[in-house]
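Worksheet: one structure, shown below.
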Amino acid sequence: MEISQSGKPSASLKRVKIPEGLFLSCEGCKEILLAKDLEKNLGVCPKCGAHHRVSARDRIAFLIDPGTFSEFAANIAPADPLEFKDTQGYKDRLAGARRKTGLADAARVGEGLLGGRPVVIGALEFAFMGGSMGSVVGEKIARAAERAAVRRAPLIVCSASGGARMQEGIFSLMQMAKTSAAVARLHDAGVPYFSVLTDPTFGGVTASFAMLGDVILAEPRALIGFAGPRVIEQTIKKQLPEGFQRAEFLQEHGLVDIVVDRRRLKETLRVLIDHLMPRTVNR
């Protein structure tokens, strides 16, 4: 450090202000990373492989061929039939989530190409009230399944949710049956459904469409379950094995088909689509 004769730091030594958001700490290894490096690596830590949470927009962008995504049902918004209020009114919570995410609700659905193959895709936005499933999320997933059946295009849904949205009460719980019925009709139509479980996937989402895929994929170390471990232990009065709600444990016990790195997810889905819906060869 350059010091003047008075013993104070020289005026030529300037304080450099680091822009906010330039660096971040990895959730896995705690290493300091350049945010742009993490973004280039699809939100996966280049040092330890930890999968950081990403937005619904980014997740769709990772999977769908550039310039081919067309969103539908974008402006559907929920009502407040119960006029629910806890520490804050439901309408106020919705307004805050919309400002934060730029979305009308916690799901995006649309059509596009994946490796040149037409698909219908949906993704839940965890930043919107924890990706909770209310009437709008249920409606969007059901519409996506219905459109996939009509188009005979595979359905892909990436889940990231804390479960049912308590502010909508029974209207939220009804979405479990609604989405499950839509997926069942898709199955009857012979169109494959790929469910991608990300961190976290819980509650009514796990108990409905998230676990009904013809192939269930999960990201490494994703937390997946219905209730939290403390609630389960208090209910069954038993100590649960460590990591029992992680993707790898669920794969070992047959609840998840494949755990796949996010950087390989698009190619994995492309291979699965080609296998389950072979291209028609003109002779």
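Letters A, B, ... go to the chains of the structure tokens in the order shown; residues in each chain start at 1; ligands are counted from 1 in the same order.
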Could you pull out the helix (DSSP H, G or I) residues of stretch 55-281 of chain A from DSSP and send them as a count of residues only? 98
When DSSP is applied to the backbone of this structure, which of stretch 132-225 of chain A are assigned strand (DSSP E)? Write them out as a list of chain:residue names.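 Those residues are A:Leu155, A:Ile156, A:Val157, A:Cys158, A:Ser159, A:Ala160, A:Ser161, A:Tyr193, A:Phe194, A:Ser195, A:Val196, A:Leu197, A:Thr198, A:Asp199, A:Pro200, A:Thr201, A:Val215, A:Ile216, A:Leu217, A:Ala218.
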Proximity check stretch 125-180 of chain A to stretch 219-234 of chain A, 12 Å, nearest pairs one decimal Å, only C-alpha atoms, as CSV:
residue,atom,partner,partner_atom,distance
A:Cys158,CA,A:Glu219,CA,10.2
A:Ser159,CA,A:Ile224,CA,10.1
A:Ala160,CA,A:Ile224,CA,9.4
A:Ser161,CA,A:Ile224,CA,9.6
A:Gly162,CA,A:Phe226,CA,8.9
A:Gly163,CA,A:Phe226,CA,8.0
A:Ala164,CA,A:Phe226,CA,10.6
Restricting the calculation to only C-alpha atoms: of A:Glu139, A:Glu71, A:Glu27, A:Asp105, which residue gets closest to A:Gln175? A:Glu139
Near A:Asp274, counting only C-alpha atoms, which residues have an atom at most 10 Å away, once you skip same-chain residues fewer than 4 positions from it, shown as a PyMOL selection string? chain A and resi 115+117+269-270+278-279
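Picture a line from atom CA of A:Ala50 to atom CA of A:Gly28; it runs 5.4 Å.
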Separation of atom CA of A:Pro154 and atom CA of A:Met133, in Å?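 Interatomic distance, atom CA of A:Pro154 to atom CA of A:Met133: 22.1 Å.
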How close does stretch 35-139 of chain A get to stretch 180-204 of chain A? List, as a Markdown table, each residue of stretch 35-139 of chain A within 12 Å, its nearest atom pair and the distance in Å to one decimal, counting only C-alpha atoms.
| residue | atom | partner | partner_atom | distance |
| --- | --- | --- | --- | --- |
| A:Ala50 | CA | A:Asp199 | CA | 11.1 |
| A:His51 | CA | A:Asp199 | CA | 8.5 |
| A:His52 | CA | A:Asp199 | CA | 8.4 |
| A:Arg53 | CA | A:Asp199 | CA | 6.9 |
| A:Val54 | CA | A:Thr198 | CA | 9.6 |
| A:Ser55 | CA | A:Thr198 | CA | 11.3 |
| A:Ala56 | CA | A:Thr198 | CA | 11.1 |
| A:Arg59 | CA | A:Thr198 | CA | 10.4 |
| A:Ile60 | CA | A:Val196 | CA | 11.8 |
| A:Leu63 | CA | A:Val196 | CA | 11.5 |
| A:Val119 | CA | A:Tyr193 | CA | 10.0 |
| A:Val120 | CA | A:Tyr193 | CA | 9.6 |
| A:Ile121 | CA | A:Phe194 | CA | 9.5 |
| A:Gly122 | CA | A:Ser195 | CA | 9.8 |
| A:Ala123 | CA | A:Val196 | CA | 9.2 |
| A:Leu124 | CA | A:Thr198 | CA | 9.7 |
| A:Glu125 | CA | A:Thr198 | CA | 10.9 |
| A:Phe126 | CA | A:Pro200 | CA | 8.5 |
| A:Ala127 | CA | A:Pro200 | CA | 11.6 |
| A:Gly130 | CA | A:Pro200 | CA | 9.2 |
| A:Gly131 | CA | A:Thr201 | CA | 9.0 |
| A:Ser132 | CA | A:Gly204 | CA | 8.8 |
| A:Met133 | CA | A:Gly204 | CA | 7.6 |
| A:Gly134 | CA | A:Gly204 | CA | 10.1 |
| A:Val137 | CA | A:Gly204 | CA | 11.8 |
| A:Gly138 | CA | A:Ser180 | CA | 9.6 |
| A:Glu139 | CA | A:Ala182 | CA | 9.9 |
For the selection you just gave me, I'd like the residues written to a file as a PDB file, in the first residue's frame, keeping C-alpha atoms.
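Result went into out.pdb, see below:
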ATOM      1  CA  ALA A  50     -23.901 -28.518  -7.149  1.00  0.00           C
ATOM      2  CA  HIS A  51     -27.110 -27.681  -9.015  1.00  0.00           C
ATOM      3  CA  HIS A  52     -28.290 -24.187  -8.093  1.00  0.00           C
ATOM      4  CA  ARG A  53     -31.941 -23.262  -8.494  1.00  0.00           C
ATOM      5  CA  VAL A  54     -32.805 -21.549 -11.759  1.00  0.00           C
ATOM      6  CA  SER A  55     -35.896 -19.735 -13.009  1.00  0.00           C
ATOM      7  CA  ALA A  56     -38.646 -21.281 -15.095  1.00  0.00           C
ATOM      8  CA  ARG A  59     -35.054 -23.919 -17.478  1.00  0.00           C
ATOM      9  CA  ILE A  60     -37.162 -23.734 -20.632  1.00  0.00           C
ATOM     10  CA  LEU A  63     -34.187 -27.390 -23.032  1.00  0.00           C
ATOM     11  CA  VAL A 119     -42.758 -30.911 -27.533  1.00  0.00           C
ATOM     12  CA  VAL A 120     -45.101 -29.278 -25.040  1.00  0.00           C
ATOM     13  CA  ILE A 121     -43.266 -28.048 -21.959  1.00  0.00           C
ATOM     14  CA  GLY A 122     -44.130 -26.649 -18.552  1.00  0.00           C
ATOM     15  CA  ALA A 123     -41.931 -25.339 -15.748  1.00  0.00           C
ATOM     16  CA  LEU A 124     -42.758 -24.185 -12.239  1.00  0.00           C
ATOM     17  CA  GLU A 125     -41.221 -20.993 -10.865  1.00  0.00           C
ATOM     18  CA  PHE A 126     -40.097 -21.515  -7.264  1.00  0.00           C
ATOM     19  CA  ALA A 127     -39.556 -17.785  -6.768  1.00  0.00           C
ATOM     20  CA  GLY A 130     -42.514 -21.285  -3.566  1.00  0.00           C
ATOM     21  CA  GLY A 131     -43.832 -22.642  -6.860  1.00  0.00           C
ATOM     22  CA  SER A 132     -47.037 -23.517  -5.019  1.00  0.00           C
ATOM     23  CA  MET A 133     -49.870 -25.112  -6.977  1.00  0.00           C
ATOM     24  CA  GLY A 134     -53.072 -23.138  -6.997  1.00  0.00           C
ATOM     25  CA  VAL A 137     -50.886 -23.811 -11.987  1.00  0.00           C
ATOM     26  CA  GLY A 138     -53.292 -26.751 -12.100  1.00  0.00           C
ATOM     27  CA  GLU A 139     -55.117 -25.261 -15.090  1.00  0.00           C
TER      28      GLU A 139
END
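Minimum distance to A:Arg262 across A:Leu173, A:Ala218, A:Ala95, A:Ala104 (counting only C-alpha atoms) occurs at A:Ala218.
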List the spatial neighbours of A:Met129 as a list in words - criterion: any atom at most 8 Å away, only C-alpha atoms, same-chain residues fewer than 4 positions off excluded. Arg93, Leu94, Ala97 and Ala106 of chain A
